[in-house]
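Visitor: Next comes query00.txt, compact mmCIF, C-alpha atoms and all ligand atoms:
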# COMPACT_ATOMS: atom_id res chain seq x y z
CA MET D 1046 16.79 16.74 22.88
CA THR D 1047 14.54 15.16 20.23
CA ASP D 1048 15.95 12.00 18.64
CA LEU D 1049 15.90 12.56 14.87
CA SER D 1050 17.90 9.50 13.88
CA LEU D 1051 16.71 7.23 11.09
CA THR D 1052 15.23 3.86 12.01
CA ILE D 1053 14.03 1.03 9.78
CA ARG D 1054 11.23 -1.00 11.34
CA GLN D 1055 8.99 -3.86 10.34
CA GLU D 1056 5.63 -2.53 9.17
CA THR D 1057 2.68 -2.97 11.54
CA THR D 1058 -1.06 -2.67 10.99
CA ASP D 1059 -0.88 0.76 12.69
CA ASP D 1060 1.17 2.07 9.74
CA ALA D 1061 -1.53 1.37 7.14
CA LEU D 1062 -3.08 4.86 7.02
CA ALA D 1063 0.22 6.78 6.94
CA ILE D 1064 1.50 4.53 4.13
CA GLU D 1065 -1.74 4.86 2.17
CA ARG D 1066 -1.43 8.66 2.39
CA LEU D 1067 2.20 8.47 1.26
CA HIS D 1068 1.16 6.37 -1.76
CA GLU D 1069 -1.66 8.79 -2.56
CA ARG D 1070 0.71 11.79 -2.46
CA THR D 1071 3.37 9.99 -4.50
CA PHE D 1072 1.45 8.07 -7.13
CA GLY D 1073 -2.05 9.62 -7.07
CA PRO D 1074 -5.15 7.74 -8.22
CA GLY D 1075 -3.20 6.40 -11.22
CA ARG D 1076 -1.63 3.83 -8.90
CA PHE D 1077 -4.75 1.69 -9.04
CA ALA D 1078 -4.41 1.34 -12.82
CA LYS D 1079 -0.84 -0.02 -12.71
CA THR D 1080 -0.36 -3.65 -13.66
CA ALA D 1081 1.62 -4.29 -10.45
CA TYR D 1082 -1.46 -3.19 -8.52
CA ARG D 1083 -3.41 -6.09 -10.04
CA ILE D 1084 -1.03 -8.46 -8.29
CA ARG D 1085 -1.15 -6.55 -5.03
CA GLU D 1086 -4.93 -6.22 -4.93
CA GLY D 1087 -5.16 -10.02 -5.16
CA LEU D 1088 -3.35 -10.57 -1.90
CA GLU D 1089 -2.19 -8.69 1.21
CA HIS D 1090 1.49 -7.81 1.34
CA SER D 1091 3.56 -9.65 3.93
CA LEU D 1092 3.88 -7.43 7.02
CA GLU D 1093 6.89 -9.37 8.27
CA LEU D 1094 8.74 -8.58 5.01
CA SER D 1095 7.60 -4.95 4.71
CA PHE D 1096 9.45 -2.05 6.32
CA THR D 1097 9.05 1.59 7.21
CA ALA D 1098 11.69 4.29 7.58
CA ARG D 1099 11.24 6.87 10.30
CA ILE D 1100 13.00 10.04 11.31
CA GLY D 1101 12.10 10.26 14.95
CA THR D 1102 8.43 9.23 14.95
CA LEU D 1103 7.71 10.58 11.44
CA LEU D 1104 7.15 7.92 8.77
CA VAL D 1105 9.25 9.00 5.77
CA GLY D 1106 9.41 5.84 3.67
CA SER D 1107 7.92 2.44 3.03
CA VAL D 1108 8.67 -0.72 1.10
CA ARG D 1109 6.41 -3.73 0.80
CA LEU D 1110 6.86 -7.32 -0.35
CA THR D 1111 3.99 -9.52 -1.55
CA PRO D 1112 4.15 -13.29 -2.08
CA ILE D 1113 3.76 -14.25 -5.73
CA ARG D 1114 4.46 -17.12 -8.07
CA VAL D 1115 6.34 -17.03 -11.36
CA GLY D 1116 4.86 -20.04 -13.10
CA ALA D 1117 4.94 -22.62 -10.28
CA THR D 1118 7.89 -21.04 -8.44
CA PRO D 1119 7.32 -19.05 -5.22
CA ALA D 1120 8.78 -15.54 -5.26
CA LEU D 1121 8.13 -12.08 -3.83
CA MET D 1122 7.09 -8.87 -5.54
CA LEU D 1123 8.76 -5.71 -4.23
CA GLY D 1124 6.74 -2.51 -4.21
CA PRO D 1125 5.60 0.08 -3.78
CA LEU D 1126 8.83 1.71 -2.59
CA THR D 1127 8.19 5.31 -1.62
CA ILE D 1128 10.18 8.00 0.17
CA GLU D 1129 8.72 11.36 1.21
CA PRO D 1130 10.15 13.97 -1.23
CA PRO D 1131 12.11 16.04 1.34
CA PHE D 1132 13.89 12.89 2.48
CA ARG D 1133 14.94 11.55 -0.94
CA GLU D 1134 18.54 11.24 -2.14
CA ARG D 1135 19.79 10.32 1.33
CA GLY D 1136 20.08 6.58 0.83
CA ILE D 1137 16.81 5.74 2.61
CA GLY D 1138 15.33 3.93 -0.41
CA GLN D 1139 18.38 1.70 -0.76
CA LEU D 1140 18.38 1.02 3.00
CA LEU D 1141 14.74 -0.08 2.88
CA ILE D 1142 15.39 -2.40 -0.09
CA GLU D 1143 18.49 -3.89 1.53
CA ARG D 1144 16.61 -4.55 4.77
CA ALA D 1145 13.64 -6.15 2.99
CA LEU D 1146 15.89 -8.36 0.85
CA ALA D 1147 18.01 -9.41 3.83
CA GLU D 1148 14.91 -10.35 5.81
CA ALA D 1149 13.42 -12.25 2.86
CA LYS D 1150 16.67 -14.16 2.37
CA ALA D 1151 16.88 -14.97 6.08
CA LYS D 1152 13.36 -16.41 5.89
CA GLY D 1153 14.31 -18.71 3.01
CA HIS D 1154 12.92 -16.79 0.05
CA ARG D 1155 14.94 -17.12 -3.13
CA LEU D 1156 13.55 -14.69 -5.73
CA VAL D 1157 12.26 -11.11 -5.77
CA ILE D 1158 10.57 -9.51 -8.80
CA LEU D 1159 9.62 -5.88 -9.36
CA VAL D 1160 8.55 -3.36 -11.96
CA GLY D 1161 10.86 -0.35 -11.79
CA ASP D 1162 13.87 1.59 -13.07
CA GLU D 1163 16.78 -0.77 -13.71
CA PRO D 1164 19.47 1.91 -13.10
CA TYR D 1165 18.14 2.41 -9.57
CA TYR D 1166 17.47 -1.20 -8.63
CA ALA D 1167 20.67 -2.55 -10.23
CA LYS D 1168 22.47 -1.20 -7.15
CA CYS D 1169 20.63 -3.90 -5.18
CA ASN D 1170 21.42 -6.67 -7.70
CA PHE D 1171 18.21 -6.52 -9.71
CA ARG D 1172 18.56 -7.25 -13.42
CA ARG D 1173 16.22 -7.34 -16.37
CA ILE D 1174 14.12 -10.47 -16.89
CA PRO D 1175 14.73 -11.76 -20.44
CA MET D 1176 11.85 -10.78 -22.72
CA GLY D 1177 8.98 -13.27 -22.71
CA ARG D 1178 10.24 -15.28 -19.77
CA ALA D 1179 7.70 -14.02 -17.23
CA ALA D 1180 4.33 -12.41 -17.92
CA MET D 1181 2.60 -9.84 -15.76
CA PRO D 1182 -1.23 -9.81 -15.78
CA GLY D 1183 -1.30 -6.64 -17.92
CA PRO D 1184 0.93 -4.31 -19.92
CA VAL D 1185 4.43 -3.69 -18.53
CA ASP D 1186 7.52 -2.22 -20.22
CA PRO D 1187 9.77 -5.34 -20.45
CA ALA D 1188 12.81 -3.16 -19.68
CA ARG D 1189 11.29 -2.49 -16.24
CA LEU D 1190 10.51 -6.07 -15.25
CA LEU D 1191 13.41 -7.00 -12.96
CA VAL D 1192 14.51 -9.94 -10.84
CA CYS D 1193 16.92 -10.38 -7.91
CA GLU D 1194 18.18 -13.83 -6.96
CA LEU D 1195 18.55 -14.22 -3.20
CA ALA D 1196 20.10 -17.64 -3.77
CA ALA D 1197 22.61 -18.31 -6.56
CA GLY D 1198 20.88 -19.65 -9.67
CA ALA D 1199 17.39 -19.27 -8.19
CA PHE D 1200 15.99 -17.87 -11.44
CA GLU D 1201 17.39 -20.66 -13.62
CA GLY D 1202 14.57 -22.53 -15.35
CA VAL D 1203 11.92 -20.23 -13.86
CA ALA D 1204 9.30 -18.95 -16.33
CA GLY D 1205 5.60 -18.33 -16.65
CA ALA D 1206 2.79 -16.12 -15.48
CA ILE D 1207 3.32 -13.83 -12.50
CA ARG D 1208 0.38 -14.00 -10.10
CA PRO D 1209 -0.39 -13.61 -6.40
CA ASP D 1210 0.60 -16.66 -4.33
CA TRP D 1211 -2.62 -17.54 -2.57
CA GLU D 1212 -0.92 -20.44 -0.81
CA ALA D 1213 1.79 -18.15 0.58
CA GLY D 1214 3.43 -19.06 3.81
CA ALA D 1215 4.93 -22.28 2.58
CA VAL D 1216 8.43 -21.48 1.38
CA ASP D 1217 10.00 -24.33 -0.60
C1 LIG L 1 12.71 6.14 -6.24
C2 LIG L 1 12.82 6.48 -4.76
C3 LIG L 1 12.17 5.38 -3.93
C4 LIG L 1 14.31 6.61 -4.40
O1 LIG L 1 14.42 6.80 -3.00
P1 LIG L 1 15.66 7.60 -2.39
O2 LIG L 1 15.66 7.36 -0.90
O3 LIG L 1 15.66 8.99 -2.86
O4 LIG L 1 16.87 6.82 -3.09
P2 LIG L 1 18.34 6.66 -2.52
O5 LIG L 1 18.68 7.85 -1.68
O6 LIG L 1 18.47 5.33 -1.91
O7 LIG L 1 19.18 6.64 -3.86
C5 LIG L 1 19.44 7.85 -4.48
C6 LIG L 1 20.23 7.57 -5.74
O8 LIG L 1 19.39 6.88 -6.67
C7 LIG L 1 19.25 7.68 -7.84
N1 LIG L 1 17.89 7.51 -8.32
C8 LIG L 1 16.74 7.88 -7.73
N2 LIG L 1 15.68 7.54 -8.48
C9 LIG L 1 16.18 6.93 -9.58
C10 LIG L 1 15.61 6.38 -10.74
N3 LIG L 1 14.29 6.36 -10.91
N4 LIG L 1 16.44 5.83 -11.66
C11 LIG L 1 17.77 5.86 -11.51
N5 LIG L 1 18.39 6.38 -10.42
C12 LIG L 1 17.60 6.92 -9.47
C13 LIG L 1 19.54 9.08 -7.39
O9 LIG L 1 19.95 9.89 -8.47
C14 LIG L 1 20.67 8.85 -6.41
O10 LIG L 1 21.87 8.58 -7.09
P3 LIG L 1 23.30 8.83 -6.40
O11 LIG L 1 23.37 7.92 -5.20
O12 LIG L 1 24.27 8.46 -7.47
O13 LIG L 1 23.30 10.28 -6.01
C15 LIG L 1 12.16 7.85 -4.43
O14 LIG L 1 12.69 8.83 -5.30
C16 LIG L 1 10.64 7.84 -4.59
O15 LIG L 1 9.92 7.58 -3.63
N6 LIG L 1 10.16 8.14 -5.81
C17 LIG L 1 8.74 8.17 -6.10
C18 LIG L 1 8.15 6.79 -6.04
C19 LIG L 1 8.83 5.84 -6.98
O16 LIG L 1 9.16 6.19 -8.13
N7 LIG L 1 9.04 4.63 -6.48
C20 LIG L 1 9.67 3.58 -7.22
C21 LIG L 1 8.64 2.89 -8.01
S1 LIG L 1 9.36 1.58 -8.88
Could you write out this file's structure as structure tokens?
Guide:
Amino acid sequence: MTDLSLTIRQETTDDALAIERLHERTFGPGRFAKTAYRIREGLEHSLELSFTARIGTLLVGSVRLTPIRVGATPALMLGPLTIEPPFRERGIGQLLIERALAEAKAKGHRLVILVGDEPYYAKCNFRRIPMGRAAMPGPVDPARLLVCELAAGAFEGVAGAIRPDWEAGAVD
């Protein structure tokens, strides 16, 4: 019998094309104009902190994390998160986020930022960044700029421009 169980796996270079097609179907060409894309085009996402969801061998979802800085503080940016439409509303998105956050925390990361819907991401402990505290390199609805502390108090005193972390690898 075919095994159709759900598995969450670390992304590999072999997944690149399937994920690109998923992004194209989900977000279309408009994805390149998003402010979050400006961060992601500056630096490769971290494969060891990015995950795919599969039903059997079929890739049905993806989440990526990219190393960034908020001011001088190292952090990660979560996104894109995408689930194939027929497989939505089954908890796969939340599972992918939980796995990525757990792995990031285990590797010593302390902060994750994203641009997204607060009602959805609040379930994974994301909350709104106070207005003016962190600046994306382009227009973003401040109500959608969210942060998750992986260590208690990790966002205290953190402020400044959000940019790719070109020195990534060194976690403080
Ligand atoms: C958003 C997305 C990743 C959710 O994935 P999913 O696997 O369907 O989500 P889950 O099954 O984990 O969670 C479903 C729950 O979240 C809710 N939900 C889904 N999208 C939501 C949103 N944008 N805002 C608020 N709640 C949302 C659902 O109503 C459902 O609620 P329930 O548990 O009370 O029934 C998926 O719909 C998707 O790929 N959308 C297009 C791409 C996108 O918008 N990505 C996010 C960019 S920030």
Visitor: Name each residue within 8 Å of ligand LIG 1 (chain L), counting only C-alpha atoms and all ligand atoms, as a compact mmCIF listing (two decimals) with C-alpha atoms, in the frame of the given file.
Guide:
# COMPACT_ATOMS: atom_id res chain seq x y z
CA THR D 1071 3.37 9.99 -4.50
CA PHE D 1072 1.45 8.07 -7.13
CA GLY D 1106 9.41 5.84 3.67
CA GLY D 1124 6.74 -2.51 -4.21
CA PRO D 1125 5.60 0.08 -3.78
CA LEU D 1126 8.83 1.71 -2.59
CA THR D 1127 8.19 5.31 -1.62
CA ILE D 1128 10.18 8.00 0.17
CA GLU D 1129 8.72 11.36 1.21
CA PRO D 1130 10.15 13.97 -1.23
CA PHE D 1132 13.89 12.89 2.48
CA ARG D 1133 14.94 11.55 -0.94
CA GLU D 1134 18.54 11.24 -2.14
CA ARG D 1135 19.79 10.32 1.33
CA GLY D 1136 20.08 6.58 0.83
CA ILE D 1137 16.81 5.74 2.61
CA GLY D 1138 15.33 3.93 -0.41
CA GLN D 1139 18.38 1.70 -0.76
CA LEU D 1140 18.38 1.02 3.00
CA LEU D 1159 9.62 -5.88 -9.36
CA VAL D 1160 8.55 -3.36 -11.96
CA GLY D 1161 10.86 -0.35 -11.79
CA ASP D 1162 13.87 1.59 -13.07
CA GLU D 1163 16.78 -0.77 -13.71
CA PRO D 1164 19.47 1.91 -13.10
CA TYR D 1165 18.14 2.41 -9.57
CA TYR D 1166 17.47 -1.20 -8.63
Visitor: Point out the residue among D:Ile1064, D:Ile1142, D:Leu1051, D:Ala1213 with the least atom-to-atom distance to Ile1100 (chain D), counting only C-alpha atoms.
Guide: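 Among the listed residues, the smallest separation from Ile1100 (chain D) belongs to D:Leu1051.
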Visitor: Give me the residues near Leu1190 (chain D) as a list in words, where near means some atom within 12 Å (using only C-alpha atoms) and where sequence neighbours in that chain fewer than 6 positions away do not count.
Guide: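 So the residues in contact are Thr1080, Ala1081, Met1122, Leu1123, Val1157, Ile1158, Leu1159, Val1160, Gly1161, Asp1162, Glu1163, Tyr1166, Ala1167, Phe1171, Arg1172, Arg1173, Ile1174, Pro1175, Met1176, Gly1177, Arg1178, Ala1179, Ala1180, Met1181, Pro1184 and Ile1207 of chain D.
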Visitor: Could you check the closest approach to Arg1109 (chain D) for each of D:Glu1056, D:Glu1201, D:Glu1086, D:Glu1194 and tell me which residue wins, using all atoms listed in the file?
Guide: D:Glu1056
Visitor: Work out how far apart CA of Leu1049 (chain D) and CA of Leu1067 (chain D) are and give it in Å to one decimal.
Guide: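 Those two atoms sit 19.7 Å apart.
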Visitor: Do you have the CA of Ala1120 (chain D)-CA of Asn1170 (chain D) distance handy?
Guide: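 One can read the CA of Ala1120 (chain D) to CA of Asn1170 (chain D) distance as 15.6 Å.
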Visitor: Work out how far apart CA of Ser1095 (chain D) and CA of Ala1145 (chain D) are and give it in Å to one decimal.
Guide: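 Pair CA of Ser1095 (chain D) / CA of Ala1145 (chain D) returns 6.4 Å.
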Visitor: Neighbouring residues of region 1149-1153 of chain D were defined as those with any atom within 12 Å, considering only C-alpha atoms; residues of the same chain fewer than 4 positions away were excluded. Please report them as a ChimeraX atom specification.
Guide: /D:1091-1096,1109-1112,1119-1123,1142-1145,1157,1193-1197,1199,1214-1217
Visitor: Fewer than 4 positions away in the same chain doesn't count, so skip those; otherwise give me all residues within 10 Å of Gly1198 (chain D), counting only C-alpha atoms, as a ChimeraX atom specification.
Guide: /D:1155-1156,1194,1202-1203
